[in-house]
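Listing of final_17.txt, compact mmCIF, C-alpha atoms
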# COMPACT_ATOMS: atom_id res chain seq x y z
CA MET A 4 -20.92 -8.01 -20.23
CA ALA A 5 -18.90 -10.34 -18.00
CA GLU A 6 -19.15 -9.59 -14.30
CA LEU A 7 -16.37 -7.38 -13.01
CA VAL A 8 -15.93 -9.27 -9.72
CA THR A 9 -16.61 -12.97 -9.27
CA PRO A 10 -15.94 -15.60 -6.59
CA PHE A 11 -13.11 -18.08 -7.09
CA ARG A 12 -11.88 -21.39 -5.74
CA GLY A 13 -9.06 -20.21 -3.52
CA TRP A 14 -6.19 -22.27 -2.19
CA ARG A 15 -6.11 -21.94 1.59
CA TYR A 16 -3.92 -23.36 4.34
CA ASN A 17 -5.24 -26.56 5.88
CA LEU A 18 -4.60 -25.50 9.46
CA ALA A 19 -4.87 -29.06 10.78
CA GLN A 20 -1.88 -29.91 8.61
CA ALA A 21 0.02 -26.60 8.40
CA GLY A 22 -0.33 -25.38 11.99
CA ASP A 23 -1.07 -21.96 13.49
CA MET A 24 -2.01 -19.34 10.89
CA THR A 25 0.15 -16.76 12.70
CA ASN A 26 3.23 -18.69 11.60
CA LEU A 27 2.09 -19.11 7.99
CA VAL A 28 1.27 -15.60 6.80
CA ALA A 29 3.49 -12.54 6.29
CA PRO A 30 3.32 -8.94 5.07
CA PRO A 31 3.56 -8.29 1.31
CA TYR A 32 6.91 -9.12 -0.28
CA ASP A 33 7.85 -5.49 -0.94
CA VAL A 34 7.85 -4.40 2.71
CA ILE A 35 9.95 -7.30 4.05
CA ASN A 36 13.68 -6.80 4.63
CA LEU A 37 16.28 -9.60 4.78
CA ALA A 38 16.09 -9.98 8.55
CA GLN A 39 12.31 -10.27 8.43
CA GLN A 40 12.53 -12.70 5.52
CA ALA A 41 14.69 -14.98 7.66
CA GLU A 42 12.38 -14.59 10.65
CA TYR A 43 9.26 -15.57 8.73
CA CYS A 44 10.99 -18.58 7.16
CA LEU A 45 12.01 -19.77 10.62
CA ARG A 46 8.44 -19.57 11.88
CA SER A 47 7.27 -22.50 9.79
CA PRO A 48 8.43 -24.69 6.90
CA TYR A 49 5.14 -23.63 5.28
CA ASN A 50 5.38 -19.85 5.70
CA ILE A 51 4.22 -18.01 2.58
CA VAL A 52 7.54 -16.12 2.36
CA ARG A 53 9.16 -19.35 1.18
CA LEU A 54 7.01 -19.10 -1.95
CA ASP A 55 6.79 -15.33 -2.32
CA LEU A 56 10.46 -14.45 -1.69
CA GLY A 57 12.36 -17.67 -1.09
CA GLU A 58 14.81 -18.38 1.71
CA PRO A 59 17.58 -15.94 2.65
CA GLY A 60 20.82 -17.01 1.05
CA GLY A 61 18.97 -18.87 -1.69
CA PRO A 62 18.68 -17.87 -5.36
CA GLY A 63 17.60 -14.25 -5.62
CA PRO A 64 15.45 -12.23 -8.01
CA GLY A 65 16.33 -12.88 -11.61
CA ASP A 66 17.77 -16.35 -10.92
CA ALA A 67 15.66 -19.00 -12.69
CA ARG A 68 16.31 -21.43 -9.81
CA ARG A 69 14.43 -19.10 -7.47
CA TYR A 70 11.22 -19.42 -9.46
CA GLU A 71 11.63 -23.15 -10.12
CA GLN A 72 12.01 -23.76 -6.38
CA ALA A 73 8.84 -21.82 -5.64
CA SER A 74 6.92 -23.83 -8.23
CA ARG A 75 8.13 -27.16 -6.86
CA LEU A 76 7.43 -26.16 -3.27
CA LEU A 77 3.92 -24.97 -4.12
CA ALA A 78 3.16 -28.28 -5.86
CA ALA A 79 4.48 -30.22 -2.86
CA TRP A 80 2.32 -28.27 -0.41
CA GLN A 81 -0.72 -28.92 -2.56
CA GLN A 82 0.04 -32.62 -2.86
CA GLU A 83 0.64 -32.90 0.91
CA ARG A 84 -2.63 -31.02 1.53
CA VAL A 85 -0.86 -28.23 3.37
CA LEU A 86 -2.80 -26.09 0.90
CA VAL A 87 -6.29 -27.23 -0.09
CA ARG A 88 -8.62 -25.74 -2.65
CA ASP A 89 -12.15 -24.67 -1.88
CA PRO A 90 -14.58 -27.05 -3.62
CA ARG A 91 -16.69 -24.21 -5.01
CA PRO A 92 -16.15 -20.53 -5.82
CA CYS A 93 -16.15 -18.25 -2.79
CA PHE A 94 -15.62 -14.68 -1.74
CA TYR A 95 -13.48 -13.98 1.31
CA LEU A 96 -14.32 -11.30 3.87
CA TYR A 97 -11.16 -9.81 5.39
CA GLU A 98 -11.07 -7.43 8.35
CA GLU A 99 -8.25 -5.62 10.13
CA GLN A 100 -8.74 -3.87 13.47
CA TYR A 101 -6.02 -1.40 14.42
CA ARG A 102 -5.12 2.01 15.85
CA ASP A 103 -4.06 4.83 13.55
CA PRO A 104 -1.07 7.11 14.40
CA LEU A 105 -3.31 9.41 16.44
CA GLY A 106 -4.53 6.48 18.52
CA GLU A 107 -8.02 6.18 17.03
CA GLU A 108 -9.42 2.64 16.81
CA LYS A 109 -10.37 1.70 13.26
CA ARG A 110 -11.66 -1.25 11.28
CA GLN A 111 -10.59 -1.82 7.68
CA ARG A 112 -12.98 -4.22 6.04
CA GLY A 113 -13.58 -5.54 2.55
CA PHE A 114 -13.85 -8.70 0.53
CA ILE A 115 -11.52 -10.63 -1.76
CA GLY A 116 -12.74 -11.61 -5.20
CA ALA A 117 -11.48 -12.34 -8.71
CA VAL A 118 -11.53 -9.06 -10.66
CA ARG A 119 -11.52 -9.01 -14.45
CA LEU A 120 -8.30 -7.42 -15.68
CA HIS A 121 -8.63 -4.25 -17.69
CA ASP A 122 -6.00 -2.13 -19.38
CA TYR A 123 -5.83 1.28 -17.76
CA GLU A 124 -7.14 2.86 -20.95
CA ASP A 125 -10.48 1.13 -20.34
CA ARG A 126 -10.96 3.37 -17.27
CA VAL A 127 -12.41 0.51 -15.25
CA ILE A 128 -9.37 -0.25 -13.10
CA LEU A 129 -7.41 2.92 -12.36
CA PRO A 130 -3.88 3.45 -10.99
CA HIS A 131 -2.82 6.37 -8.84
CA GLU A 132 0.97 6.00 -8.97
CA GLY A 133 3.68 4.89 -11.38
CA THR A 134 5.71 1.67 -11.26
CA LEU A 135 9.31 0.54 -11.67
CA LYS A 136 10.48 -2.02 -14.20
CA GLY A 137 12.63 -4.16 -11.88
CA PRO A 138 9.96 -5.46 -9.47
CA LYS A 139 7.64 -6.34 -12.36
CA ILE A 140 10.30 -8.52 -14.03
CA ASP A 141 10.73 -10.49 -10.80
CA ARG A 142 6.98 -10.81 -10.15
CA LEU A 143 6.26 -11.92 -13.71
CA ALA A 144 8.93 -14.63 -13.58
CA LEU A 145 7.45 -15.92 -10.32
CA MET A 146 3.91 -15.81 -11.72
CA GLN A 147 4.90 -17.63 -14.91
CA SER A 148 6.54 -20.37 -12.86
CA SER A 149 3.91 -20.81 -10.15
CA HIS A 150 0.78 -19.65 -12.03
CA THR A 151 -0.45 -18.35 -8.69
CA ALA A 152 -1.05 -15.03 -6.94
CA PHE A 153 0.17 -15.37 -3.34
CA SER A 154 -1.30 -12.08 -2.09
CA GLN A 155 -4.09 -9.68 -2.96
CA ILE A 156 -3.97 -6.36 -4.73
CA PHE A 157 -5.53 -3.75 -2.46
CA ALA A 158 -8.17 -1.72 -4.30
CA MET A 159 -10.93 0.76 -3.50
CA TYR A 160 -14.36 1.67 -4.82
CA THR A 161 -17.03 4.12 -3.67
CA ASP A 162 -20.56 3.07 -2.71
CA ALA A 163 -22.56 5.47 -0.58
CA GLN A 164 -25.31 2.85 -0.22
CA ARG A 165 -22.85 0.51 1.56
CA THR A 166 -24.38 -2.56 -0.07
CA VAL A 167 -21.34 -4.76 0.56
CA GLU A 168 -21.22 -3.75 4.22
CA GLN A 169 -24.74 -5.07 4.71
CA VAL A 170 -23.66 -8.47 3.39
CA MET A 171 -20.51 -8.47 5.50
CA ASP A 172 -22.47 -7.70 8.66
CA ARG A 173 -24.45 -10.90 8.14
CA VAL A 174 -21.40 -13.01 7.33
CA GLN A 175 -19.55 -11.92 10.45
CA ASP A 176 -22.14 -13.58 12.64
CA GLY A 177 -20.37 -16.84 11.82
CA ALA A 178 -16.98 -18.17 12.93
CA PRO A 179 -13.92 -16.84 11.04
CA TYR A 180 -11.46 -19.01 9.12
CA PHE A 181 -8.69 -17.43 11.19
CA ASP A 182 -8.30 -14.78 13.89
CA LEU A 183 -4.79 -13.53 14.68
CA THR A 184 -2.98 -10.46 15.96
CA ASP A 185 0.35 -9.48 14.42
CA ALA A 186 3.46 -7.84 15.90
CA GLN A 187 2.02 -4.36 15.21
CA SER A 188 -1.07 -5.22 17.29
CA VAL A 189 -3.27 -5.39 14.18
CA ARG A 190 -6.01 -7.98 14.49
CA HIS A 191 -6.67 -9.90 11.23
CA ARG A 192 -9.77 -12.01 10.63
CA MET A 193 -11.20 -13.74 7.58
CA TRP A 194 -14.54 -15.38 6.77
CA VAL A 195 -15.33 -17.60 3.77
CA ILE A 196 -18.46 -16.58 1.86
CA SER A 197 -20.02 -19.43 -0.12
CA GLU A 198 -23.79 -18.87 0.10
CA PRO A 199 -25.23 -18.22 -3.41
CA GLU A 200 -27.38 -15.30 -2.26
CA GLU A 201 -24.47 -13.50 -0.63
CA ILE A 202 -22.22 -14.17 -3.62
CA ALA A 203 -24.79 -12.78 -6.03
CA ALA A 204 -25.23 -9.64 -3.91
CA LEU A 205 -21.49 -8.97 -3.74
CA SER A 206 -20.95 -9.49 -7.48
CA ALA A 207 -23.83 -7.20 -8.39
CA ALA A 208 -22.71 -4.48 -5.96
CA LEU A 209 -19.53 -3.72 -7.93
CA ASP A 210 -20.64 -4.23 -11.52
CA ASP A 211 -21.11 -0.50 -12.13
CA LYS A 212 -18.18 0.68 -10.02
CA GLN A 213 -14.81 2.11 -10.95
CA ILE A 214 -11.95 0.48 -9.04
CA VAL A 215 -8.83 2.35 -7.96
CA ILE A 216 -5.66 0.47 -7.02
CA ALA A 217 -4.49 1.50 -3.56
CA ASP A 218 -1.56 -0.86 -3.06
CA GLY A 219 -0.15 -3.37 -5.53
CA HIS A 220 0.38 -1.51 -8.81
CA HIS A 221 3.37 -3.71 -9.66
CA ARG A 222 1.35 -6.86 -9.05
CA TYR A 223 -1.55 -5.59 -11.14
CA GLU A 224 0.65 -4.70 -14.09
CA THR A 225 2.38 -8.06 -13.71
CA ALA A 226 -1.02 -9.77 -13.92
CA LEU A 227 -1.75 -7.82 -17.11
CA ALA A 228 1.55 -8.98 -18.63
CA TYR A 229 0.85 -12.58 -17.56
CA ARG A 230 -2.64 -12.38 -19.08
CA ASN A 231 -1.25 -11.19 -22.40
CA LYS A 232 1.28 -14.01 -22.50
CA ARG A 233 -1.40 -16.62 -21.73
CA ARG A 234 -3.65 -15.18 -24.42
CA ALA A 235 -0.82 -15.56 -26.92
CA ILE A 236 -0.17 -19.16 -25.84
CA HIS A 237 -3.80 -20.28 -25.75
CA GLY A 238 -5.23 -18.02 -28.45
CA SER A 239 -8.13 -17.30 -26.12
CA THR A 240 -9.46 -14.56 -23.89
CA LYS A 241 -11.26 -17.08 -21.71
CA GLY A 242 -9.44 -18.45 -18.72
CA PRO A 243 -8.54 -17.72 -15.09
CA TRP A 244 -5.63 -15.55 -16.29
CA GLU A 245 -8.22 -12.94 -17.32
CA ARG A 246 -8.70 -12.13 -13.62
CA VAL A 247 -6.62 -11.52 -10.54
CA SER A 248 -7.55 -11.57 -6.87
CA MET A 249 -8.18 -8.23 -5.15
CA PHE A 250 -9.18 -7.02 -1.73
CA LEU A 251 -11.93 -4.46 -2.34
CA ALA A 252 -12.71 -1.80 0.25
CA ASN A 253 -15.38 0.90 0.17
CA THR A 254 -14.03 4.43 0.56
CA MET A 255 -17.22 5.21 2.48
CA GLY A 256 -16.38 2.67 5.17
CA ASN A 257 -14.27 5.05 7.32
CA GLY A 258 -11.64 2.37 7.95
CA LEU A 259 -8.98 3.31 5.39
CA THR A 260 -5.77 4.90 6.63
CA ILE A 261 -2.92 6.37 4.63
CA LEU A 262 0.30 7.11 6.46
CA ALA A 263 2.71 9.86 5.50
CA ALA A 264 6.20 9.07 4.27
CA HIS A 265 8.29 11.68 6.05
CA ARG A 266 11.38 12.93 4.22
CA MET A 267 14.89 13.02 5.67
CA LEU A 268 17.65 15.08 4.05
CA GLU A 269 21.42 14.74 4.22
CA HIS A 270 24.46 16.18 2.40
CA LEU A 271 22.83 19.61 2.51
CA PRO A 272 24.71 22.47 0.87
CA PRO A 273 25.98 25.08 3.37
CA GLY A 274 23.34 27.58 4.37
CA THR A 275 20.35 25.45 3.40
CA ALA A 276 18.78 25.49 6.87
CA SER A 277 19.06 29.28 7.07
CA LYS A 278 16.61 29.57 4.18
CA LEU A 279 13.84 28.68 6.63
CA SER A 280 13.20 32.35 7.31
CA THR A 281 9.98 34.31 6.95
CA CYS A 282 11.66 37.05 4.93
CA VAL A 283 12.21 34.73 1.96
CA ALA A 284 9.45 32.24 2.62
CA ARG A 285 6.72 33.24 0.18
CA PRO A 286 4.31 31.67 -0.65
CA PHE A 287 4.75 30.02 2.77
CA GLU A 288 4.14 31.33 6.24
CA ILE A 289 6.89 30.07 8.55
CA VAL A 290 6.69 29.93 12.34
CA ASN A 291 9.46 28.89 14.70
CA LEU A 292 8.06 26.20 16.99
CA VAL A 293 8.77 25.95 20.71
CA LEU A 294 8.89 22.24 21.41
CA PRO A 295 7.92 20.70 24.75
CA PRO A 296 10.41 18.67 26.76
CA GLY A 297 10.37 14.95 26.22
CA ASN A 298 11.95 12.10 24.33
CA ASP A 299 11.84 11.65 20.56
CA ALA A 300 8.56 9.73 20.69
CA GLU A 301 6.82 12.38 22.79
CA VAL A 302 8.06 15.29 20.68
CA ALA A 303 7.17 13.44 17.47
CA HIS A 304 3.64 12.83 18.74
CA THR A 305 3.28 16.54 19.50
CA LEU A 306 4.46 17.48 16.00
CA ILE A 307 2.09 15.01 14.34
CA GLN A 308 -0.79 16.49 16.34
CA THR A 309 0.32 19.98 15.28
CA LEU A 310 0.36 18.95 11.63
CA ASP A 311 -3.07 17.41 11.97
CA ARG A 312 -4.54 20.60 13.49
CA TRP A 313 -3.04 22.93 10.89
CA GLY A 314 -3.93 20.63 8.01
CA GLU A 315 -7.38 22.21 7.82
CA GLU A 316 -5.74 25.49 6.80
CA GLY A 317 -3.76 24.11 3.86
CA ALA A 318 -0.52 22.28 3.07
CA VAL A 319 1.59 22.23 6.23
CA PHE A 320 5.02 20.82 7.05
CA VAL A 321 7.46 20.71 9.94
CA ALA A 322 11.14 21.17 9.18
CA TYR A 323 13.04 19.58 12.05
CA LEU A 324 16.71 20.39 12.74
CA PRO A 325 19.24 19.23 15.36
CA GLU A 326 18.99 20.39 18.98
CA ARG A 327 15.20 20.34 18.99
CA ARG A 328 14.79 23.20 16.50
CA ALA A 329 11.69 23.13 14.33
CA HIS A 330 9.82 25.37 11.91
CA LEU A 331 6.21 25.08 10.78
CA LEU A 332 5.65 25.88 7.09
CA LEU A 333 2.10 26.67 5.97
CA LEU A 334 0.75 27.24 2.48
CA ARG A 335 -2.87 28.28 2.95
CA LYS A 336 -5.59 26.93 0.69
CA GLN A 337 -6.46 30.37 -0.63
CA THR A 338 -2.84 31.22 -1.52
CA GLU A 339 -2.25 31.45 -5.26
CA LEU A 340 0.21 28.85 -6.51
CA PRO A 341 3.14 29.79 -8.78
CA PRO A 342 1.99 29.60 -12.42
CA ASP A 343 4.89 27.38 -13.51
CA TYR A 344 4.33 24.86 -10.72
CA GLY A 345 2.86 21.45 -11.58
CA GLN A 346 2.42 22.09 -15.28
CA GLY A 347 0.76 19.16 -17.01
CA HIS A 348 -0.81 17.93 -13.79
CA SER A 349 -4.36 18.19 -12.45
CA GLU A 350 -5.37 20.80 -9.88
CA THR A 351 -5.72 17.99 -7.32
CA TRP A 352 -2.08 17.06 -7.89
CA ARG A 353 -0.97 20.69 -7.55
CA ARG A 354 -2.62 20.87 -4.11
CA LEU A 355 -1.16 17.63 -2.79
CA ASP A 356 1.02 18.15 0.27
CA VAL A 357 3.62 15.72 -1.05
CA ALA A 358 3.83 17.52 -4.41
CA ILE A 359 4.11 20.91 -2.73
CA LEU A 360 6.79 19.52 -0.42
CA HIS A 361 9.03 18.38 -3.27
CA GLU A 362 8.38 21.15 -5.77
CA LEU A 363 7.94 24.23 -3.58
CA VAL A 364 9.84 23.33 -0.40
CA ILE A 365 12.73 21.01 -1.30
CA SER A 366 13.34 22.38 -4.79
CA GLY A 367 11.87 25.87 -4.31
CA LEU A 368 12.38 27.22 -0.81
CA LEU A 369 15.48 25.15 0.03
CA GLY A 370 16.89 25.43 -3.49
CA LEU A 371 17.78 21.74 -3.81
CA SER A 372 17.81 20.54 -7.40
CA GLY A 373 15.73 17.76 -8.88
CA THR A 374 18.86 15.63 -9.14
CA TYR A 375 19.43 16.08 -5.44
CA ALA A 376 15.91 14.98 -4.60
CA GLU A 377 15.73 12.10 -7.08
CA SER A 378 19.15 10.49 -6.62
CA GLY A 379 18.11 8.37 -3.65
CA GLN A 380 21.40 9.29 -1.94
CA ASN A 381 20.20 12.51 -0.36
CA VAL A 382 16.53 11.97 0.43
CA SER A 383 15.24 8.98 2.40
CA PHE A 384 11.83 8.10 3.80
CA THR A 385 10.26 6.82 6.98
CA ARG A 386 6.69 6.28 8.16
CA TYR A 387 7.73 7.04 11.72
CA ALA A 388 8.21 10.66 12.81
CA GLU A 389 9.98 9.41 15.93
CA GLU A 390 12.60 7.69 13.78
CA ALA A 391 13.11 10.83 11.70
CA LEU A 392 13.74 12.93 14.81
CA ALA A 393 16.08 10.36 16.33
CA LEU A 394 18.20 10.17 13.18
CA VAL A 395 18.51 13.96 13.05
CA GLU A 396 19.50 14.18 16.71
CA ALA A 397 22.04 11.37 16.22
CA GLY A 398 23.65 13.28 13.36
CA LYS A 399 22.76 10.64 10.78
CA GLN A 400 20.38 13.00 8.97
CA GLU A 401 20.60 16.79 8.74
CA MET A 402 16.92 17.71 8.40
CA ALA A 403 13.57 15.98 8.63
CA LEU A 404 10.51 17.19 6.79
CA LEU A 405 7.31 15.92 8.39
CA LEU A 406 3.99 16.08 6.57
CA ASN A 407 0.36 15.05 6.80
CA PRO A 408 -0.75 11.93 4.91
CA THR A 409 -2.54 12.08 1.57
CA GLY A 410 -6.31 11.72 1.92
CA VAL A 411 -8.25 8.82 0.41
CA GLU A 412 -10.43 11.30 -1.48
CA GLN A 413 -7.29 12.82 -3.00
CA VAL A 414 -6.11 9.43 -4.22
CA MET A 415 -9.49 8.79 -5.84
CA ALA A 416 -9.41 12.24 -7.48
CA ILE A 417 -5.88 11.72 -8.81
CA ALA A 418 -6.92 8.40 -10.38
CA ALA A 419 -10.09 9.90 -11.84
CA ALA A 420 -8.03 12.70 -13.41
CA ASN A 421 -5.75 10.12 -15.07
CA ASP A 422 -2.84 11.54 -13.08
CA ARG A 423 -0.13 9.93 -10.91
CA MET A 424 0.96 10.60 -7.35
CA PRO A 425 4.52 11.79 -6.68
CA GLN A 426 7.05 9.29 -5.35
CA LYS A 427 6.17 7.89 -1.92
CA GLY A 428 2.88 9.76 -1.95
CA THR A 429 0.88 7.09 -0.14
CA TYR A 430 1.47 4.28 2.35
CA PHE A 431 -1.74 2.42 3.03
CA TYR A 432 -1.90 0.97 6.52
CA PRO A 433 -2.30 -1.69 7.71
CA LYS A 434 -0.94 -3.94 4.99
CA LEU A 435 -2.88 -7.01 3.89
CA LEU A 436 -1.27 -10.29 4.87
CA ALA A 437 0.09 -12.51 2.11
CA GLY A 438 -0.94 -16.17 2.24
CA THR A 439 -4.52 -15.72 3.44
CA VAL A 440 -5.93 -17.12 0.19
CA LEU A 441 -4.11 -17.93 -3.06
CA TYR A 442 -5.53 -17.35 -6.55
CA ASP A 443 -4.90 -20.02 -9.20
CA LEU A 444 -4.16 -18.29 -12.51
CA ALA A 445 -3.97 -21.49 -14.57
CA THR A 446 -6.99 -23.62 -13.71
CA ASP A 447 -10.62 -22.75 -12.95
Could you show the structure in this file as structure tokens?
Amino acid sequence: MAELVTPFRGWRYNLAQAGDMTNLVAPPYDVINLAQQAEYCLRSPYNIVRLDLGEPGGPGPGDARRYEQASRLLAAWQQERVLVRDPRPCFYLYEEQYRDPLGEEKRQRGFIGAVRLHDYEDRVILPHEGTLKGPKIDRLALMQSSHTAFSQIFAMYTDAQRTVEQVMDRVQDGAPYFDLTDAQSVRHRMWVISEPEEIAALSAALDDKQIVIADGHHRYETALAYRNKRRAIHGSTKGPWERVSMFLANTMGNGLTILAAHRMLEHLPPGTASKLSTCVARPFEIVNLVLPPGNDAEVAHTLIQTLDRWGEEGAVFVAYLPERRAHLLLLRKQTELPPDYGQGHSETWRRLDVAILHELVISGLLGLSGTYAESGQNVSFTRYAEEALALVEAGKQEMALLLNPTGVEQVMAIAAANDRMPQKGTYFYPKLLAGTVLYDLATD
């Protein structure tokens, strides 16, 4: 059987030609707004956003000129040696040092390799959430034009023996390819792994592992579609299009962080907030919270700490209302769930905080219909509790629902059960930078 993960000859920035790496990389395309797109393009004529998204005001998604421009620009950078290709196949060790929302210092570490594409039915590469059609159309058009992956799919595996970590410890004794700190105070470093012994050890370590996609489902499914088109053109299942580059992190490494996507509600029907009362709360216990004085950031930090403490007891939420009013909603682990809740889903799904929030709080307790919750006009999301509180106090939102993040073990269990997370169920943090190493899908 072909190896699941192999090294590849990546295209990397020639820093002597391209300049400071800080000005060349960017977050993934799907978390960049228009203002940020313009900012990254202004940083350098070689910033990866110019390939991944294009310039603001230029041809947009769906416009053939957008993809043609990216292809021409990529070829020019390669010809000018702004991007140079490693002479032999390598793995790439990537580390991010950061603080999580509770202030704990963490280190997310893994390696980038070329992973053989598998249909989900093979149960080798597993998803944990669904995808939308629109982004995949755009990504496929870009991939067909450039034949390149500009960023890595973020994936996870489980290895209690920590074999990969032992290799990475040795590699990190050497000097990194780059070392930078971004605007969120996340330190990013990368090392190139080219020694045959280390490469062999990394490849072997994952051959019997199941891989779960953490971030990048659209890009993975785009790579599958690209592979199928190349197979049809070439009449062959042998070629670089049979793989795609992934960042692979061990769930046993203690460096993975998932942030919660807090919900904000507006256009509430009259009387909705009054339903937060213990007399009608079953199966929830509801407690009115007395909040400490302070600004939005200080109060938000207190509420996040409260959620974290009560999370051991079960699914817990904070419903925040104007004028510093808040209620804690708790569904204990031992509480029996309604029999008609979560039908067709796994037990892991039924116990997810985010599923309980939508099905039993928003739709159940508050009585808001599925159309209300799914329209996109009434429910919005933020990673920042402080922002949610500020918008409620400013009268721009009527209620905020704060929740704990989904656990990594829950994501793995959802994938193993062949289930899917609810909308906005996970936000892996920190994001991997785009432009660190590019994967050539057309030539070995």
Atomic distance atom CA of A:Ser239 - atom CA of A:Asp89, expressed in Å with one decimal: 25.7 Å
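With distances taken over all atoms listed in the file, A:Leu310 is the one residue among A:Ala276, A:Leu363, A:Leu310, A:Leu334 lying closest to A:Leu105.
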Distance criterion (all atoms listed in the file): nearest to A:Ala144 out of A:Lys232, A:Arg173, A:Arg112, A:His121: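 Once distances to A:Ala144 are computed over all atoms listed in the file, the minimum belongs to A:Lys232.
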Long-range neighbours of stretch 404-420 of chain A as a ChimeraX atom specification, 8 Å cut-off, all atoms listed in the file, 4 positions minimum in chain: /A:129-131,215,254,259-268,307,310-311,314,319-323,349,351-352,355-357,388,424,428-429
Got a sec: who's within 7 Å of A:Pro243, counting all atoms listed in the file, leaving out chain neighbours fewer than 2 positions off, as a JSON list (two decimals) with C-alpha atoms, in the frame of the given file?
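Result file around_4.json:
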[["chain", "number", "residue", "atom", "x", "y", "z"],
["A", 245, "GLU", "CA", -8.22, -12.94, -17.32],
["A", 246, "ARG", "CA", -8.70, -12.13, -13.62],
["A", 444, "LEU", "CA", -4.16, -18.29, -12.51],
["A", 445, "ALA", "CA", -3.97, -21.49, -14.57],
["A", 446, "THR", "CA", -6.99, -23.62, -13.71],
["A", 447, "ASP", "CA", -10.62, -22.75, -12.95]]
All residues 10 Å or closer to A:Leu183, all atoms listed in the file, same chain fewer than 2 positions away omitted, as a PyMOL selection string: chain A and resi 23-25+99+181+185+188-193
From A:Gln100, A:Thr9, A:Gln81, A:Gln337, residue lying nearest A:Ser197 [only C-alpha atoms]: A:Thr9
Counting only C-alpha atoms, the residue of A:Gly258, A:Pro31, A:Pro272, A:Pro92 that sits nearest A:Ile156: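 That would be A:Pro31, the residue with the smallest distance to A:Ile156.
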Atomic separation - atom CA of A:Glu288 relative to atom CA of A:Leu333, Å: 5.1 Å
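If you measure from each of A:Asn381, A:Thr151, A:Gln213, A:Thr309 to A:Leu251 using all atoms listed in the file, the closest one turns out to be A:Gln213.
Comparing A:Ile140, A:Val34, A:Leu86, A:Ala41 by their smallest distance to A:Thr439, the closest is A:Leu86 (using only C-alpha atoms).
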Atom pair atom CA of A:Arg84 / atom CA of A:Trp14: separation (Å):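 Interatomic distance here is 10.2 Å.
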Radius query 12 Å about (5.5, 26.9, -10.2), atoms used: all atoms listed in the file, as a list in words: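 Residues close enough to count: Pro286, Glu339, Leu340, Pro341, Pro342, Asp343, Tyr344, Gly345, Gln346, Gly347, His348, Arg353, Arg354, Ala358, Ile359, His361, Glu362, Leu363, Val364, Ser366, Gly367 and Leu368 of chain A.
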